[in-house]
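Data from protein_26.txt: compact mmCIF, C-alpha atoms
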```
# COMPACT_ATOMS: atom_id res chain seq x y z
CA MET A 1 12.69 4.31 -0.26
CA ASP A 2 9.27 4.88 -1.76
CA ARG A 3 8.31 8.40 -2.74
CA ILE A 4 5.22 9.92 -4.33
CA PRO A 5 6.26 12.06 -7.31
CA ILE A 6 5.24 15.73 -7.41
CA LEU A 7 4.94 17.33 -10.85
CA LYS A 8 5.16 21.07 -11.45
CA MET A 9 3.10 22.63 -14.23
CA GLY A 10 3.06 26.43 -14.31
CA HIS A 11 1.54 27.63 -11.07
CA PHE A 12 0.31 24.12 -10.26
CA LEU A 13 1.74 21.19 -8.41
CA LEU A 14 0.24 17.86 -9.39
CA VAL A 15 0.24 14.73 -7.28
CA THR A 16 -1.30 11.44 -8.31
CA ILE A 17 -1.37 8.85 -5.55
CA GLN A 18 -1.22 5.46 -7.25
CA VAL A 19 -0.37 3.22 -4.32
CA ASP A 20 -1.94 2.48 -0.97
CA LEU A 21 -0.24 4.73 1.51
CA TYR A 22 1.26 3.65 4.75
CA ASP A 23 1.73 6.30 7.39
CA ARG A 24 5.40 7.08 6.77
CA LEU A 25 4.78 7.54 3.03
CA ALA A 26 1.88 9.91 3.73
CA MET A 27 3.99 11.97 6.15
CA ASP A 28 6.82 12.18 3.61
CA LEU A 29 4.36 13.38 0.99
CA GLU A 30 3.12 16.08 3.36
CA ALA A 31 6.65 17.34 4.01
CA ASP A 32 7.71 17.11 0.34
CA LEU A 33 4.64 18.96 -0.89
CA VAL A 34 4.93 21.82 1.55
CA LYS A 35 8.63 22.16 0.71
CA MET A 36 7.82 22.14 -3.03
CA VAL A 37 5.17 24.86 -2.61
CA SER A 38 7.76 27.00 -0.88
CA ILE A 39 10.56 26.34 -3.42
CA THR A 40 8.46 26.78 -6.58
CA GLY A 41 6.09 29.44 -5.31
CA ALA A 42 3.24 27.36 -6.65
CA LYS A 43 -0.24 28.84 -6.27
CA ALA A 44 -2.19 25.60 -6.36
CA VAL A 45 -1.87 21.96 -5.39
CA LEU A 46 -3.95 19.25 -7.03
CA ILE A 47 -4.06 15.82 -5.41
CA ASP A 48 -5.62 12.97 -7.38
CA ILE A 49 -6.80 10.15 -5.12
CA SER A 50 -8.81 8.21 -7.72
CA ALA A 51 -6.58 5.16 -7.25
CA VAL A 52 -6.85 5.26 -3.45
CA SER A 53 -9.29 2.70 -2.07
CA ILE A 54 -8.94 3.60 1.61
CA VAL A 55 -8.84 6.98 3.36
CA ASP A 56 -8.73 6.56 7.13
CA SER A 57 -8.51 9.26 9.80
CA PHE A 58 -4.72 9.47 9.56
CA MET A 59 -4.74 9.92 5.80
CA GLY A 60 -7.58 12.43 6.19
CA ARG A 61 -5.54 14.40 8.67
CA ILE A 62 -2.58 14.47 6.27
CA ILE A 63 -4.80 15.83 3.49
CA GLY A 64 -6.16 18.48 5.87
CA ASN A 65 -2.62 19.37 6.98
CA ILE A 66 -1.42 19.76 3.39
CA ALA A 67 -4.31 22.12 2.67
CA SER A 68 -3.76 24.31 5.73
CA MET A 69 0.03 24.43 5.35
CA SER A 70 -0.28 25.28 1.65
CA LYS A 71 -2.80 27.98 2.54
CA LEU A 72 -0.24 29.55 4.86
CA LEU A 73 2.16 29.62 1.90
CA ASP A 74 -0.57 31.21 -0.24
CA ALA A 75 -1.51 28.13 -2.27
CA GLU A 76 -4.91 26.50 -2.68
CA THR A 77 -5.40 22.73 -2.48
CA VAL A 78 -7.95 20.64 -4.32
CA VAL A 79 -8.51 16.91 -3.89
CA VAL A 80 -10.00 15.14 -6.90
CA GLY A 81 -11.28 11.71 -7.86
CA MET A 82 -12.51 10.45 -4.51
CA GLN A 83 -14.27 7.11 -4.93
CA PRO A 84 -17.94 7.08 -3.82
CA ALA A 85 -17.29 4.27 -1.29
CA VAL A 86 -14.49 6.35 0.22
CA ALA A 87 -16.79 9.39 0.56
CA ILE A 88 -19.48 7.26 2.25
CA THR A 89 -16.91 5.81 4.65
CA LEU A 90 -15.41 9.20 5.51
CA VAL A 91 -18.80 10.63 6.48
CA GLU A 92 -19.59 7.64 8.67
CA LEU A 93 -16.15 7.80 10.23
CA GLY A 94 -16.98 11.38 11.18
CA LEU A 95 -14.14 12.96 9.26
CA GLU A 96 -14.67 16.31 7.62
CA LEU A 97 -12.04 17.98 5.52
CA PRO A 98 -12.42 21.66 6.38
CA GLY A 99 -10.52 24.02 4.11
CA VAL A 100 -9.97 21.39 1.45
CA HIS A 101 -11.53 22.02 -1.95
CA THR A 102 -12.75 18.94 -3.78
CA ALA A 103 -13.69 18.26 -7.40
CA LEU A 104 -14.99 15.22 -9.23
CA ASN A 105 -12.01 14.73 -11.53
CA VAL A 106 -8.69 16.24 -12.57
CA GLU A 107 -10.27 18.38 -15.30
CA LYS A 108 -12.82 19.95 -12.95
CA GLY A 109 -10.15 20.32 -10.28
CA MET A 110 -7.87 22.26 -12.62
CA ALA A 111 -10.78 24.50 -13.62
CA LEU A 112 -11.61 25.15 -9.97
CA LEU A 113 -8.01 25.98 -9.13
CA SER A 114 -7.67 28.28 -12.14
CA SER A 115 -10.71 30.23 -11.01
CA LEU A 116 -9.35 30.43 -7.47
CA ILE A 117 -5.92 31.73 -8.40
CA ILE A 118 -7.04 34.13 -11.15
CA ILE A 119 -8.69 36.18 -8.42
CA ASP A 120 -5.32 36.28 -6.70
CA GLU A 121 -3.42 37.32 -9.81
CA GLU A 122 -5.71 40.28 -10.48
CA THR A 123 -4.67 41.81 -7.22
CA GLU A 124 -1.01 41.28 -7.97
CA GLU A 125 1.20 43.99 -9.44
CA GLU A 126 1.35 44.46 -13.20
CA GLU A 127 4.99 43.50 -13.71
CA ASP A 128 4.52 40.42 -11.63
CA ASP A 129 1.74 39.38 -14.00
CA ASP A 130 3.97 39.90 -17.02
CA THR A 131 6.74 37.69 -15.74
CA ALA A 132 4.25 35.04 -14.81
CA LEU A 133 2.82 34.94 -18.31
CA SER A 134 6.04 35.10 -20.32
CA MET B 135 -27.69 -17.12 16.53
CA THR B 136 -24.30 -18.68 17.05
CA ILE B 137 -21.44 -17.44 14.97
CA LEU B 138 -19.28 -20.16 13.39
CA PRO B 139 -15.82 -19.63 11.94
CA LEU B 140 -15.17 -21.03 8.44
CA ALA B 141 -11.63 -19.97 7.66
CA LYS B 142 -8.87 -18.46 9.75
CA ASP B 143 -5.74 -16.52 8.91
CA THR B 144 -3.23 -15.17 11.41
CA LEU B 145 -0.89 -12.29 10.65
CA LYS B 146 1.69 -10.58 12.80
CA VAL B 147 1.88 -6.80 12.48
CA TYR B 148 5.01 -5.19 13.90
CA LYS B 149 5.90 -2.57 11.31
CA GLU B 150 4.09 -0.17 9.01
CA GLN B 151 4.63 -2.17 5.84
CA ASP B 152 2.84 -5.12 7.45
CA VAL B 153 -0.28 -2.95 7.52
CA ILE B 154 -0.58 -2.98 3.71
CA LEU B 155 -0.24 -6.78 3.69
CA PHE B 156 -2.86 -7.08 6.39
CA ARG B 157 -5.29 -4.77 4.56
CA ASN B 158 -4.85 -6.82 1.37
CA ARG B 159 -5.56 -10.04 3.24
CA VAL B 160 -8.77 -8.58 4.68
CA LYS B 161 -9.76 -7.44 1.19
CA GLU B 162 -9.16 -10.92 -0.29
CA HIS B 163 -11.44 -12.54 2.27
CA ALA B 164 -14.11 -9.85 1.88
CA VAL B 165 -14.14 -10.32 -1.90
CA LYS B 166 -14.37 -14.09 -1.45
CA ILE B 167 -17.64 -13.82 0.51
CA LYS B 168 -19.00 -11.31 -2.05
CA MET B 169 -19.10 -8.34 0.29
CA GLY B 170 -20.17 -5.16 -1.55
CA LEU B 171 -17.63 -2.44 -2.30
CA VAL B 172 -19.01 0.06 0.22
CA ASN B 173 -18.98 -2.49 3.04
CA GLN B 174 -15.51 -3.63 2.02
CA THR B 175 -14.28 -0.06 2.17
CA LYS B 176 -15.87 0.48 5.58
CA LEU B 177 -14.38 -2.75 6.93
CA ILE B 178 -10.88 -2.07 5.63
CA THR B 179 -10.98 1.52 6.87
CA ALA B 180 -11.99 0.32 10.35
CA ALA B 181 -9.26 -2.33 10.19
CA SER B 182 -6.75 0.33 9.19
CA GLU B 183 -7.66 2.47 12.22
CA LEU B 184 -7.42 -0.45 14.64
CA VAL B 185 -4.19 -1.85 13.28
CA ARG B 186 -2.61 1.59 13.55
CA ASN B 187 -3.70 1.87 17.19
CA MET B 188 -2.21 -1.56 17.79
CA LEU B 189 1.11 -0.49 16.28
CA ARG B 190 1.28 2.93 17.86
CA TYR B 191 -0.02 2.29 21.34
CA GLY B 192 0.49 -1.45 21.72
CA GLY B 193 3.82 -1.85 19.95
CA GLY B 194 2.32 -4.19 17.37
CA GLY B 195 0.73 -7.57 17.82
CA GLU B 196 -1.23 -10.32 16.21
CA THR B 197 -4.22 -9.99 13.93
CA VAL B 198 -6.67 -12.75 13.06
CA VAL B 199 -8.80 -12.60 9.92
CA GLU B 200 -11.75 -15.02 9.97
CA VAL B 201 -14.63 -15.76 7.68
CA VAL B 202 -17.63 -16.37 9.92
CA THR B 203 -21.20 -17.43 9.33
CA ARG B 204 -24.49 -17.26 11.22
CA GLY B 205 -26.99 -19.19 9.17
CA ARG B 206 -27.30 -17.54 5.78
CA ASP B 207 -25.19 -14.52 6.67
CA ASN B 208 -21.47 -14.51 6.01
CA GLY B 209 -19.10 -11.98 7.44
CA ILE B 210 -15.55 -11.13 8.36
CA ARG B 211 -14.34 -11.17 11.93
CA LEU B 212 -11.09 -9.39 12.74
CA THR B 213 -9.19 -9.66 16.00
CA PHE B 214 -6.41 -7.30 17.05
CA LYS B 215 -4.38 -8.42 20.01
CA ASP B 216 -1.44 -6.57 21.49
CA GLN B 217 0.62 -6.86 24.65
CA GLY B 218 0.94 -3.12 25.15
CA PRO B 219 0.23 -1.03 28.24
CA GLY B 220 -3.55 -1.30 27.78
CA ILE B 221 -6.19 1.44 27.76
CA PRO B 222 -6.82 2.84 31.26
CA ASP B 223 -10.22 4.35 30.47
CA ILE B 224 -12.06 2.63 27.62
CA ALA B 225 -15.17 4.80 27.93
CA LYS B 226 -13.02 7.88 27.39
CA ALA B 227 -11.08 6.28 24.52
CA MET B 228 -14.40 5.54 22.80
CA MET B 229 -15.39 9.21 22.80
CA ASP B 230 -15.10 11.22 19.58
CA GLY B 231 -12.21 13.63 19.58
CA TYR B 232 -10.36 12.11 22.51
CA SER B 233 -6.76 11.15 21.82
CA THR B 234 -3.65 10.60 23.88
CA GLY B 235 -1.59 10.76 20.71
CA LYS B 236 -1.69 13.57 18.19
CA SER B 237 -4.49 12.08 16.13
CA LEU B 238 -8.03 13.31 15.55
CA GLY B 239 -9.37 10.87 18.10
CA LEU B 240 -11.62 9.21 15.56
CA GLY B 241 -9.86 5.84 15.50
CA LEU B 242 -11.84 3.77 18.00
CA PRO B 243 -15.27 5.47 17.84
CA GLY B 244 -14.96 5.82 14.05
CA ALA B 245 -14.07 2.16 13.60
CA LYS B 246 -17.05 1.20 15.77
CA ARG B 247 -19.42 3.18 13.55
CA LEU B 248 -18.11 1.42 10.43
CA VAL B 249 -18.73 -2.18 11.53
CA ASN B 250 -21.67 -4.26 12.84
CA GLU B 251 -20.10 -5.62 16.00
CA PHE B 252 -17.36 -4.11 18.10
CA ASN B 253 -15.80 -5.51 21.21
CA ILE B 254 -12.90 -4.15 23.20
CA LYS B 255 -11.13 -5.61 26.21
CA SER B 256 -8.17 -4.05 27.86
CA GLU B 257 -6.20 -4.73 30.98
CA ALA B 258 -3.57 -2.39 32.37
CA GLY B 259 -0.11 -3.78 31.71
CA LYS B 260 -1.40 -6.79 29.82
CA GLY B 261 -2.61 -5.42 26.54
CA THR B 262 -5.70 -4.79 24.49
CA THR B 263 -7.86 -7.02 22.32
CA VAL B 264 -10.35 -5.58 19.85
CA THR B 265 -12.75 -7.78 17.87
CA ILE B 266 -14.98 -6.53 15.07
CA ILE B 267 -17.44 -8.19 12.70
CA LYS B 268 -18.76 -6.86 9.42
CA TRP B 269 -21.53 -8.87 7.77
CA ALA B 270 -21.48 -9.07 3.98
CA ASN B 271 -24.95 -7.56 3.87
CA GLY B 272 -24.77 -5.66 7.14
```
Spell out the structure here as structure tokens.
Amino acid sequence: MDRIPILKMGHFLLVTIQVDLYDRLAMDLEADLVKMVSITGAKAVLIDISAVSIVDSFMGRIIGNIASMSKLLDAETVVVGMQPAVAITLVELGLELPGVHTALNVEKGMALLSSLIIIDEETEEEEDDDTALS
Amino acid sequence: MTILPLAKDTLKVYKEQDVILFRNRVKEHAVKIKMGLVNQTKLITAASELVRNMLRYGGGGETVVEVVTRGRDNGIRLTFKDQGPGIPDIAKAMMDGYSTGKSLGLGLPGAKRLVNEFNIKSEAGKGTTVTIIKWANG
């Protein structure tokens, strides 16, 4: 069975989608990601879709779902690398992605996520911060 | 102006993996008539929505990919034909945000916005046929 790999890096979960998704694969990714956020206690999810040539309403809904479910588990989601033609198509399709952060590329996405979760960490307890950094 | 078919390709779609094959076939034909990337993306996205509807609500069916021409304009015509239960109220199904499934209800109206010509026929108990055309420079 096909599976999209999810990489953990510190507080981040990284997903690079390199194949065209069919619906089952997208639904599996949604379930796997939410499970991974819960298991690892990740604070941020970065999804790279630079190799994806088509985002239709189903795929858009999955991305939206991932963002809202992660939010409930206290993790932010950023989608990076959307192709211009995909952005044009999404707008015409009438699909908005509320609650989903976007960035131009992986680098900018990581920077955005870092800024989002630093605010969180400041409000955390001291000892929690120490363990996170060690 | 009359629309003439130049090439024709028929593909059966009965499971999800067939969808990827179908999308690739559409892409091949679109590239062959030098359709721009944005129009290609719009066409394949619309095709993706319609083929999913066909699978989910019609139990799969037959798709036809055609290269068509009207004078100097070339385009791609796609036909989606299923033998499912049919759509009881097409006007309602064409409204944004209406869905009998758990989707966003953007499939049919969204697909219509992405292409140049959109035609839908449905008969209760006999199935649904959707035909779309995207012109290379449309």
### Message
I need the chain A residues near chain B as a list of chain:residue names; criterion: at most 9 Å, counting all atoms listed in the file.
### Response
A:Asp20, A:Leu21, A:Tyr22, A:Asp23, A:Arg24, A:Ser53, A:Ile54, A:Val55, A:Asp56, A:Ser57, A:Phe58, A:Arg61, A:Pro84, A:Ala85, A:Val86, A:Ile88, A:Thr89, A:Leu90, A:Glu92, A:Leu93, A:Gly94, A:Leu95
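Minimum atom-to-atom distance to Ala75 (chain A), evaluated using all atoms listed in the file, belongs to A:Leu13 out of A:Leu112, A:Leu29, A:Ala87, A:Leu13.
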### Task
Considering all atoms listed in the file, return as a PyMOL selection string whatever protein or nucleic-acid residues lie within 9 Å of region 104-109 of chain A, sequence-local ones (same chain, fewer than 6 positions apart) excluded.
chain A and resi 46-48+50+78-82
### Message
Using all atoms listed in the file - which residues lie no farther than 12 Å from the point (4.2, 22.1, -14.3) in the file's frame? Write them as a list of chain:residue names.
### Response
A:Ile6, A:Leu7, A:Lys8, A:Met9, A:Gly10, A:His11, A:Phe12, A:Leu13, A:Leu14, A:Val15, A:Met36, A:Thr40, A:Gly41, A:Ala42, A:Lys43, A:Ala44, A:Val45, A:Leu46
### Message
One number please: CA of Leu25 (chain A) to CA of Gly195 (chain B), in Å, one decimal.
### Response
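Going from CA of Leu25 (chain A) over to CA of Gly195 (chain B) covers 21.5 Å.
Between CA of Gly220 (chain B) and CA of Thr262 (chain B) the separation is 5.3 Å.
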### Task
Name all residues at most 9 Å from Ser38 (chain A) (count all atoms listed in the file; drop same-chain ones fewer than 4 positions away) and give them as a list in words.
Leu33, Val34, Ala42, Ser70 and Leu73 of chain A
#### Entry: One-decimal distance in Å that lies between CA of Met169 (chain B) and CA of Leu140 (chain B)
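About the pair CA of Leu140 (chain B) and CA of Met169 (chain B): they are 15.6 Å apart.
Nearest to Val91 (chain A) of all the residues A:Ser68, A:Lys35, A:Ile49, A:Gly60 is A:Gly60, counting all atoms listed in the file.
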### Task
Give as a PyMOL selection string the set of residues within 8 Å of the point (0.0, -2.9, 18.2), where distances use the file's coordinates and only C-alpha atoms.
chain B and resi 147-148+185-196+214-218
Starting from the incomplete input, reconstruct N, CA, C and O atoms of region 206-225 of chain B and report them as a PDB file, keeping the file's coordinate frame.
```
ATOM      1  N   ARG B 206     -27.515 -17.908   7.179  1.00  0.00           N
ATOM      2  CA  ARG B 206     -27.300 -17.540   5.780  1.00  0.00           C
ATOM      3  C   ARG B 206     -26.367 -16.345   5.608  1.00  0.00           C
ATOM      4  O   ARG B 206     -25.987 -16.013   4.497  1.00  0.00           O
ATOM      5  N   ASP B 207     -26.052 -15.695   6.724  1.00  0.00           N
ATOM      6  CA  ASP B 207     -25.190 -14.520   6.670  1.00  0.00           C
ATOM      7  C   ASP B 207     -23.722 -14.874   6.775  1.00  0.00           C
ATOM      8  O   ASP B 207     -23.323 -15.584   7.700  1.00  0.00           O
ATOM      9  N   ASN B 208     -22.911 -14.371   5.858  1.00  0.00           N
ATOM     10  CA  ASN B 208     -21.470 -14.510   6.010  1.00  0.00           C
ATOM     11  C   ASN B 208     -20.867 -13.164   6.364  1.00  0.00           C
ATOM     12  O   ASN B 208     -21.411 -12.121   6.016  1.00  0.00           O
ATOM     13  N   GLY B 209     -19.750 -13.227   7.052  1.00  0.00           N
ATOM     14  CA  GLY B 209     -19.100 -11.980   7.440  1.00  0.00           C
ATOM     15  C   GLY B 209     -17.628 -12.179   7.703  1.00  0.00           C
ATOM     16  O   GLY B 209     -17.110 -13.292   7.600  1.00  0.00           O
ATOM     17  N   ILE B 210     -16.975 -11.081   8.030  1.00  0.00           N
ATOM     18  CA  ILE B 210     -15.550 -11.130   8.360  1.00  0.00           C
ATOM     19  C   ILE B 210     -15.383 -10.720   9.814  1.00  0.00           C
ATOM     20  O   ILE B 210     -15.929  -9.697  10.242  1.00  0.00           O
ATOM     21  N   ARG B 211     -14.663 -11.542  10.552  1.00  0.00           N
ATOM     22  CA  ARG B 211     -14.340 -11.170  11.930  1.00  0.00           C
ATOM     23  C   ARG B 211     -12.851 -10.889  12.008  1.00  0.00           C
ATOM     24  O   ARG B 211     -12.037 -11.687  11.545  1.00  0.00           O
ATOM     25  N   LEU B 212     -12.504  -9.747  12.592  1.00  0.00           N
ATOM     26  CA  LEU B 212     -11.090  -9.390  12.740  1.00  0.00           C
ATOM     27  C   LEU B 212     -10.775  -9.243  14.230  1.00  0.00           C
ATOM     28  O   LEU B 212     -11.552  -8.665  14.981  1.00  0.00           O
ATOM     29  N   THR B 213      -9.632  -9.796  14.612  1.00  0.00           N
ATOM     30  CA  THR B 213      -9.190  -9.660  16.000  1.00  0.00           C
ATOM     31  C   THR B 213      -7.818  -9.000  16.025  1.00  0.00           C
ATOM     32  O   THR B 213      -6.945  -9.358  15.243  1.00  0.00           O
ATOM     33  N   PHE B 214      -7.680  -8.019  16.891  1.00  0.00           N
ATOM     34  CA  PHE B 214      -6.410  -7.300  17.050  1.00  0.00           C
ATOM     35  C   PHE B 214      -5.962  -7.479  18.487  1.00  0.00           C
ATOM     36  O   PHE B 214      -6.650  -7.052  19.408  1.00  0.00           O
ATOM     37  N   LYS B 215      -4.822  -8.115  18.648  1.00  0.00           N
ATOM     38  CA  LYS B 215      -4.380  -8.420  20.010  1.00  0.00           C
ATOM     39  C   LYS B 215      -2.970  -7.915  20.221  1.00  0.00           C
ATOM     40  O   LYS B 215      -2.047  -8.298  19.495  1.00  0.00           O
ATOM     41  N   ASP B 216      -2.800  -7.028  21.194  1.00  0.00           N
ATOM     42  CA  ASP B 216      -1.440  -6.570  21.490  1.00  0.00           C
ATOM     43  C   ASP B 216      -1.118  -6.798  22.966  1.00  0.00           C
ATOM     44  O   ASP B 216      -1.992  -7.110  23.766  1.00  0.00           O
ATOM     45  N   GLN B 217       0.173  -6.697  23.269  1.00  0.00           N
ATOM     46  CA  GLN B 217       0.620  -6.860  24.650  1.00  0.00           C
ATOM     47  C   GLN B 217       1.126  -5.532  25.214  1.00  0.00           C
ATOM     48  O   GLN B 217       2.036  -5.498  26.024  1.00  0.00           O
ATOM     49  N   GLY B 218       0.510  -4.465  24.731  1.00  0.00           N
ATOM     50  CA  GLY B 218       0.940  -3.120  25.150  1.00  0.00           C
ATOM     51  C   GLY B 218       0.490  -2.772  26.545  1.00  0.00           C
ATOM     52  O   GLY B 218       0.039  -3.631  27.294  1.00  0.00           O
ATOM     53  N   PRO B 219       0.562  -1.473  26.876  1.00  0.00           N
ATOM     54  CA  PRO B 219       0.230  -1.030  28.240  1.00  0.00           C
ATOM     55  C   PRO B 219      -1.269  -1.090  28.558  1.00  0.00           C
ATOM     56  O   PRO B 219      -1.652  -0.968  29.720  1.00  0.00           O
ATOM     57  N   GLY B 220      -2.111  -1.266  27.520  1.00  0.00           N
ATOM     58  CA  GLY B 220      -3.550  -1.300  27.780  1.00  0.00           C
ATOM     59  C   GLY B 220      -4.157   0.088  27.808  1.00  0.00           C
ATOM     60  O   GLY B 220      -3.442   1.086  27.854  1.00  0.00           O
ATOM     61  N   ILE B 221      -5.487   0.157  27.758  1.00  0.00           N
ATOM     62  CA  ILE B 221      -6.190   1.440  27.760  1.00  0.00           C
ATOM     63  C   ILE B 221      -6.790   1.637  29.154  1.00  0.00           C
ATOM     64  O   ILE B 221      -7.636   0.857  29.581  1.00  0.00           O
ATOM     65  N   PRO B 222      -6.340   2.665  29.890  1.00  0.00           N
ATOM     66  CA  PRO B 222      -6.820   2.840  31.260  1.00  0.00           C
ATOM     67  C   PRO B 222      -8.314   3.151  31.337  1.00  0.00           C
ATOM     68  O   PRO B 222      -9.004   2.686  32.245  1.00  0.00           O
ATOM     69  N   ASP B 223      -8.816   3.961  30.408  1.00  0.00           N
ATOM     70  CA  ASP B 223     -10.220   4.350  30.470  1.00  0.00           C
ATOM     71  C   ASP B 223     -10.879   4.140  29.103  1.00  0.00           C
ATOM     72  O   ASP B 223     -10.825   5.005  28.237  1.00  0.00           O
ATOM     73  N   ILE B 224     -11.497   2.963  28.935  1.00  0.00           N
ATOM     74  CA  ILE B 224     -12.060   2.630  27.620  1.00  0.00           C
ATOM     75  C   ILE B 224     -13.199   3.570  27.246  1.00  0.00           C
ATOM     76  O   ILE B 224     -13.305   4.014  26.106  1.00  0.00           O
ATOM     77  N   ALA B 225     -14.037   3.914  28.224  1.00  0.00           N
ATOM     78  CA  ALA B 225     -15.170   4.800  27.930  1.00  0.00           C
ATOM     79  C   ALA B 225     -14.674   6.113  27.338  1.00  0.00           C
ATOM     80  O   ALA B 225     -15.247   6.643  26.384  1.00  0.00           O
TER      81      ALA B 225
END
```
